[in-house]
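To be precise, the following lines are query18.cif, and they hold mmCIF, C-alpha atoms.
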```cif
data_protein
loop_
_atom_site.label_atom_id
_atom_site.label_comp_id
_atom_site.auth_asym_id
_atom_site.auth_seq_id
_atom_site.Cartn_x
_atom_site.Cartn_y
_atom_site.Cartn_z
CA MET A 23 79.77 -125.24 108.72
CA GLN A 24 83.24 -124.83 107.37
CA THR A 25 85.17 -122.96 110.08
CA VAL A 26 86.00 -123.47 113.75
CA GLU A 27 84.07 -120.30 114.64
CA GLU A 28 80.93 -121.62 112.93
CA MET A 29 81.22 -124.94 114.77
CA ALA A 30 81.63 -123.14 118.11
CA SER A 31 78.58 -120.96 117.41
CA PHE A 32 76.53 -124.05 116.54
CA VAL A 33 77.48 -125.81 119.78
CA GLN A 34 76.68 -122.70 121.79
CA LEU A 35 73.27 -122.37 120.11
CA TRP A 36 72.62 -126.08 120.75
CA ASP A 37 73.29 -125.58 124.46
CA PHE A 38 70.93 -122.62 124.58
CA VAL A 39 67.96 -124.39 122.98
CA GLN A 40 68.19 -127.59 125.04
CA SER A 41 66.18 -126.01 127.88
CA VAL A 42 63.53 -124.53 125.59
CA GLN A 43 60.19 -126.38 125.64
CA LEU A 44 57.99 -125.64 122.64
CA THR A 45 54.19 -125.76 122.94
CA ASP A 46 51.24 -125.16 120.66
CA GLU A 47 50.25 -122.01 122.56
CA PRO A 48 50.51 -118.69 120.63
CA ASP A 49 53.36 -116.33 121.45
CA THR A 50 52.65 -113.55 123.96
CA ILE A 51 54.41 -110.35 124.97
CA ALA A 52 55.22 -109.93 128.68
CA TRP A 53 56.30 -106.70 130.39
CA ARG A 54 59.34 -107.56 132.50
CA TRP A 55 58.91 -104.74 135.04
CA THR A 56 55.72 -106.06 136.68
CA ALA A 57 54.99 -109.34 138.45
CA ASP A 58 52.03 -110.19 136.20
CA GLY A 59 53.76 -109.16 132.97
CA MET A 60 51.28 -106.36 132.28
CA TYR A 61 52.41 -102.87 131.30
CA THR A 62 51.62 -99.93 133.58
CA ALA A 63 52.69 -96.30 133.32
CA LYS A 64 53.96 -96.44 136.90
CA SER A 65 56.26 -99.38 136.20
CA ALA A 66 57.57 -97.68 133.05
CA TYR A 67 58.37 -94.56 135.08
CA ASN A 68 60.09 -96.57 137.82
CA ALA A 69 62.10 -98.52 135.25
CA GLN A 70 63.85 -95.31 134.26
CA PHE A 71 65.48 -95.17 137.69
CA VAL A 72 66.67 -98.78 137.92
CA GLY A 73 70.31 -98.68 138.95
CA SER A 74 70.25 -95.00 139.89
CA TYR A 75 71.57 -93.87 143.25
CA SER A 76 71.21 -90.64 145.20
CA LEU A 77 71.99 -89.47 148.74
CA PHE A 78 69.33 -86.76 148.51
CA LYS A 79 66.47 -87.41 150.98
CA GLY A 80 63.41 -86.38 149.00
CA ASP A 81 61.05 -87.71 151.66
CA TYR A 82 61.84 -84.71 153.83
CA ILE A 83 60.11 -82.60 151.18
CA TRP A 84 57.21 -84.82 150.20
CA LYS A 85 56.19 -85.51 153.82
CA ALA A 86 56.33 -81.88 154.90
CA GLU A 87 53.04 -80.36 156.05
CA THR A 88 52.62 -78.07 153.05
CA GLU A 89 50.64 -77.97 149.82
CA GLY A 90 51.79 -79.57 146.60
CA LYS A 91 52.97 -76.32 145.02
CA HIS A 92 55.24 -75.66 147.99
CA LYS A 93 56.72 -79.14 147.84
CA PHE A 94 57.38 -78.86 144.12
CA PHE A 95 59.13 -75.53 144.66
CA ALA A 96 61.24 -77.02 147.47
CA TRP A 97 62.19 -79.96 145.25
CA LEU A 98 63.52 -77.54 142.65
CA LEU A 99 65.13 -75.26 145.23
CA VAL A 100 67.09 -77.94 147.09
CA GLN A 101 68.45 -79.25 143.81
CA ARG A 102 69.30 -75.68 142.68
CA LYS A 103 66.88 -75.73 139.76
CA ILE A 104 64.93 -72.53 140.39
CA LEU A 105 65.59 -69.88 137.74
CA THR A 106 67.68 -67.38 139.65
CA ALA A 107 69.84 -64.91 137.71
CA ASP A 108 72.91 -67.17 137.65
CA LYS A 109 70.86 -69.92 135.98
CA LEU A 110 69.34 -67.52 133.46
CA LEU A 111 72.75 -66.12 132.53
CA ALA A 112 74.10 -69.64 132.07
CA ARG A 113 71.34 -70.14 129.48
CA GLN A 114 72.22 -66.79 127.90
CA TRP A 115 68.86 -65.30 128.84
CA PRO A 116 69.01 -61.53 129.46
CA CYS A 117 68.39 -60.51 133.06
CA ASN A 118 69.65 -58.35 135.90
CA PRO A 119 72.38 -60.42 137.59
CA VAL A 120 72.11 -58.55 140.90
CA CYS A 121 69.85 -59.76 143.71
CA SER A 122 66.61 -57.76 143.59
CA LEU A 123 66.17 -58.02 147.37
CA CYS A 124 69.43 -56.36 148.43
CA ASN A 125 70.88 -54.91 145.20
CA GLN A 126 74.36 -55.85 146.40
CA GLU A 127 75.42 -59.33 145.28
CA GLN A 128 74.89 -61.67 142.36
CA GLU A 129 71.64 -63.58 142.59
CA THR A 130 72.05 -67.28 143.27
CA ALA A 131 69.62 -69.59 145.04
CA SER A 132 71.77 -69.75 148.17
CA HIS A 133 72.24 -65.99 148.33
CA LEU A 134 68.63 -65.12 147.56
CA ILE A 135 66.95 -67.58 149.92
CA LEU A 136 69.50 -67.85 152.74
CA HIS A 137 72.11 -65.11 152.89
CA CYS A 138 70.66 -61.92 151.41
CA GLN A 139 70.17 -59.20 154.05
CA PHE A 140 66.45 -59.13 153.27
CA ALA A 141 66.18 -62.92 153.58
CA GLN A 142 68.15 -62.88 156.83
CA GLN A 143 65.64 -60.45 158.32
CA VAL A 144 62.81 -62.78 157.35
CA TRP A 145 64.59 -65.83 158.81
CA SER A 146 65.37 -63.92 162.02
CA THR A 147 61.68 -63.13 162.51
CA VAL A 148 60.66 -66.70 161.69
CA ALA A 149 63.25 -68.01 164.19
CA ALA A 150 61.79 -65.82 166.94
CA TRP A 151 58.22 -66.73 166.01
CA THR A 152 58.89 -70.50 165.95
CA GLN A 153 60.79 -70.38 169.25
CA ASN A 154 64.02 -71.18 167.38
CA LEU A 155 62.65 -74.35 165.78
CA VAL A 156 63.66 -72.73 162.50
CA LYS A 157 67.09 -71.12 162.77
CA ILE A 158 68.75 -68.28 160.89
CA PRO A 159 70.82 -69.88 158.07
CA GLN A 160 74.55 -69.91 158.78
CA SER A 161 76.85 -67.93 156.55
CA GLY A 162 78.36 -69.79 153.60
CA LEU A 163 75.95 -72.73 153.58
CA GLN A 164 74.67 -73.99 150.24
CA ILE A 165 70.99 -74.86 149.89
CA LEU A 166 71.33 -78.66 150.07
CA ASP A 167 73.72 -78.56 153.04
CA TRP A 168 71.41 -76.17 154.86
CA TRP A 169 68.35 -78.33 154.17
CA GLU A 170 69.89 -81.61 155.30
CA LYS A 171 71.71 -80.16 158.31
CA GLU A 172 68.59 -78.48 159.67
CA LEU A 173 66.42 -81.60 159.36
CA ALA A 174 68.89 -84.26 160.48
CA ASN A 175 68.27 -86.32 163.63
CA LEU A 176 64.81 -84.92 164.37
CA PRO A 177 61.71 -86.85 165.46
CA ASN A 178 59.41 -87.51 162.53
CA LYS A 179 56.61 -85.11 163.56
CA THR A 180 59.07 -82.32 164.36
CA ARG A 181 60.86 -82.82 161.05
CA LYS A 182 57.60 -82.56 159.08
CA LEU A 183 56.71 -79.30 160.81
CA LYS A 184 60.18 -77.78 160.56
CA ALA A 185 60.47 -78.74 156.89
CA ALA A 186 57.12 -77.06 156.29
CA MET A 187 58.22 -73.85 158.01
CA MET A 188 61.46 -73.79 156.02
CA ILE A 189 59.57 -74.35 152.78
CA TYR A 190 56.91 -71.70 153.53
CA THR A 191 59.64 -69.18 154.34
CA ALA A 192 61.76 -69.91 151.27
CA TRP A 193 58.66 -69.89 149.03
CA ASN A 194 57.55 -66.48 150.22
CA ILE A 195 61.03 -64.99 149.89
CA TRP A 196 60.96 -66.27 146.31
CA LYS A 197 57.53 -64.72 145.74
CA GLU A 198 58.77 -61.35 147.03
CA ARG A 199 61.67 -61.59 144.60
CA ASN A 200 59.27 -62.29 141.74
CA ARG A 201 56.99 -59.39 142.67
CA ARG A 202 59.97 -57.08 142.45
CA VAL A 203 61.28 -58.51 139.19
CA PHE A 204 57.99 -58.82 137.31
CA ASN A 205 55.60 -56.33 138.94
CA GLN A 206 57.96 -53.70 140.37
CA GLN A 207 56.27 -54.13 143.74
CA PHE A 208 58.52 -53.82 146.77
CA GLY A 209 57.50 -55.28 150.11
CA LEU A 210 59.11 -55.26 153.55
CA PRO A 211 60.26 -58.36 155.49
CA ILE A 212 57.24 -58.03 157.79
CA MET A 213 54.95 -58.33 154.76
CA VAL A 214 56.66 -61.60 153.81
CA ILE A 215 56.07 -62.85 157.36
CA GLN A 216 52.38 -61.99 157.02
CA GLU A 217 52.26 -63.98 153.76
CA ILE A 218 53.86 -66.98 155.49
CA LYS A 219 51.37 -66.88 158.35
CA GLY A 220 48.48 -66.43 155.94
CA GLU A 221 49.40 -69.51 153.92
CA ILE A 222 49.81 -71.59 157.08
CA SER A 223 46.43 -70.39 158.34
CA ASP A 224 44.78 -71.19 154.99
CA ARG A 225 46.14 -74.74 155.08
CA ARG A 226 45.09 -75.34 158.68
CA LEU A 227 41.44 -74.56 157.95
CA PRO A 228 40.82 -77.65 155.77
CA CYS A 229 43.73 -79.86 156.90
CA GLY A 230 44.24 -79.14 160.59
CA GLY A 231 47.73 -78.76 161.95
CA PRO A 232 50.19 -79.74 164.65
CA LYS A 233 49.47 -78.78 168.26
CA LEU A 234 52.51 -76.59 168.89
CA SER A 235 52.25 -73.26 170.65
CA PHE A 236 53.69 -70.93 168.02
CA ILE A 237 51.40 -72.30 165.29
CA ASN A 238 48.44 -70.78 167.11
CA ASN A 239 50.00 -67.32 166.77
CA VAL A 240 49.43 -66.96 163.00
#
```

As structure tokens, please, write out the structure in this file.
Amino acid sequence: MQTVEEMASFVQLWDFVQSVQLTDEPDTIAWRWTADGMYTAKSAYNAQFVGSYSLFKGDYIWKAETEGKHKFFAWLLVQRKILTADKLLARQWPCNPVCSLCNQEQETASHLILHCQFAQQVWSTVAAWTQNLVKIPQSGLQILDWWEKELANLPNKTRKLKAAMMIYTAWNIWKERNRRVFNQQFGLPIMVIQEIKGEISDRRLPCGGPKLSFINNV
């Protein structure tokens, strides 16, 4: 050691090793993200989110009374990840930018699912059918604001049911859009309503369902 920096490094190293107790046991590798030091895929996945923070309430989706495919769609929808025309154009993928349901405005998730004239007719019928549990989306709302506003301050059982009805409705509007885009098949709003009721009925057969009056009218 010939410099002050080398002396300082030596003293610092000396302090570090004073608390180290050496044994004759062989070295082992411990995974820091589990209590027993053993690696698991779940802990590795969770470790990716350490320190992350989000105000988005994903539980409203995952606890809704729907099937897995509906929940996955809702997860993408609420975070504006479904491949509507605006998303495709942003990726420079060729597509028709106009909403296929109304042929009037550019297709975005909020327009397609909430504000399109076709979608509004579907929501109006669903609102009447559910005795206004599900409401017609207000003009100008974005998807996330609509989702959180509609489900805020509700009892747990009511929230699960309402979230399910919102998801079923949005999912079947999306399916109607895809039938038009990919199959050139054009349905009416009443046909979308029938699809919604059919999916609810199919789920109730194996899983049961909540005891609310409008659910029995599928």

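As for atom CA of Asn194 of chain A and atom CA of Asn154 of chain A, they are spaced 18.9 Å apart.
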
* Asked: So which residues get picked by the PyMOL selection byres ((chain A and resi 173-187) around 9) here, written as number ranges by chain?
  -> A: 82-83, 85-88, 92-93, 148, 152, 155-156, 168-172, 188-192, 218, 222, 232

* To do: Grab the atom CA of Thr106 of chain A to atom CA of Thr130 of chain A distance for me, in Å with one decimal place.
  => 5.7 Å

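The two atoms in question, atom CA of Asp81 of chain A and atom CA of Lys64 of chain A, are spaced 18.6 Å apart.
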
* Counting only C-alpha atoms, which residues come within 12 Å of (71.8, -62.7, 152.6), with the point read in the file's coordinates, and could you list them as a VMD selection string? -> chain A and resid 121 to 146 158 to 164 195

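Shortest separation to Val120 of chain A among A:Asp46, A:Val203, A:Tyr61, A:Lys157 occurs at residue A:Val203, atoms counted being all atoms listed in the file.
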
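If you apply the PyMOL selection byres ((chain A and resi 53-58) around 12) to this structure, you end up with A:Thr50, A:Ile51, A:Ala52, A:Gly59, A:Met60, A:Tyr61, A:Thr62, A:Ala63, A:Lys64, A:Ser65, A:Ala66, A:Tyr67, A:Asn68, A:Ala69, A:Gln70, A:Phe71, A:Val72.
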
Would you kindly place N, CA and C atoms on segment 28-39 of chain A and return the model as an mmCIF file, keeping the file's coordinate frame?
```cif
data_model
loop_
_atom_site.group_PDB
_atom_site.id
_atom_site.type_symbol
_atom_site.label_atom_id
_atom_site.label_comp_id
_atom_site.auth_asym_id
_atom_site.auth_seq_id
_atom_site.Cartn_x
_atom_site.Cartn_y
_atom_site.Cartn_z
ATOM 1 N N GLU A 28 82.296 -121.185 113.219
ATOM 2 C CA GLU A 28 80.930 -121.620 112.930
ATOM 3 C C GLU A 28 80.558 -122.836 113.770
ATOM 4 N N MET A 29 81.477 -123.762 113.932
ATOM 5 C CA MET A 29 81.220 -124.940 114.770
ATOM 6 C C MET A 29 80.973 -124.530 116.221
ATOM 7 N N ALA A 30 81.789 -123.590 116.723
ATOM 8 C CA ALA A 30 81.630 -123.140 118.110
ATOM 9 C C ALA A 30 80.293 -122.449 118.303
ATOM 10 N N SER A 31 79.877 -121.636 117.324
ATOM 11 C CA SER A 31 78.580 -120.960 117.410
ATOM 12 C C SER A 31 77.445 -121.961 117.409
ATOM 13 N N PHE A 32 77.574 -123.021 116.598
ATOM 14 C CA PHE A 32 76.530 -124.050 116.540
ATOM 15 C C PHE A 32 76.404 -124.773 117.871
ATOM 16 N N VAL A 33 77.509 -125.108 118.481
ATOM 17 C CA VAL A 33 77.480 -125.810 119.780
ATOM 18 C C VAL A 33 76.873 -124.911 120.846
ATOM 19 N N GLN A 34 77.238 -123.632 120.806
ATOM 20 C CA GLN A 34 76.680 -122.700 121.790
ATOM 21 C C GLN A 34 75.171 -122.563 121.615
ATOM 22 N N LEU A 35 74.701 -122.451 120.368
ATOM 23 C CA LEU A 35 73.270 -122.370 120.110
ATOM 24 C C LEU A 35 72.570 -123.641 120.571
ATOM 25 N N TRP A 36 73.197 -124.789 120.332
ATOM 26 C CA TRP A 36 72.620 -126.080 120.750
ATOM 27 C C TRP A 36 72.415 -126.109 122.264
ATOM 28 N N ASP A 37 73.410 -125.615 123.002
ATOM 29 C CA ASP A 37 73.290 -125.580 124.460
ATOM 30 C C ASP A 37 72.140 -124.680 124.903
ATOM 31 N N PHE A 38 71.980 -123.554 124.204
ATOM 32 C CA PHE A 38 70.930 -122.620 124.580
ATOM 33 C C PHE A 38 69.534 -123.194 124.396
ATOM 34 N N VAL A 39 69.308 -123.929 123.317
ATOM 35 C CA VAL A 39 67.960 -124.390 122.980
ATOM 36 C C VAL A 39 67.578 -125.676 123.689
#
```
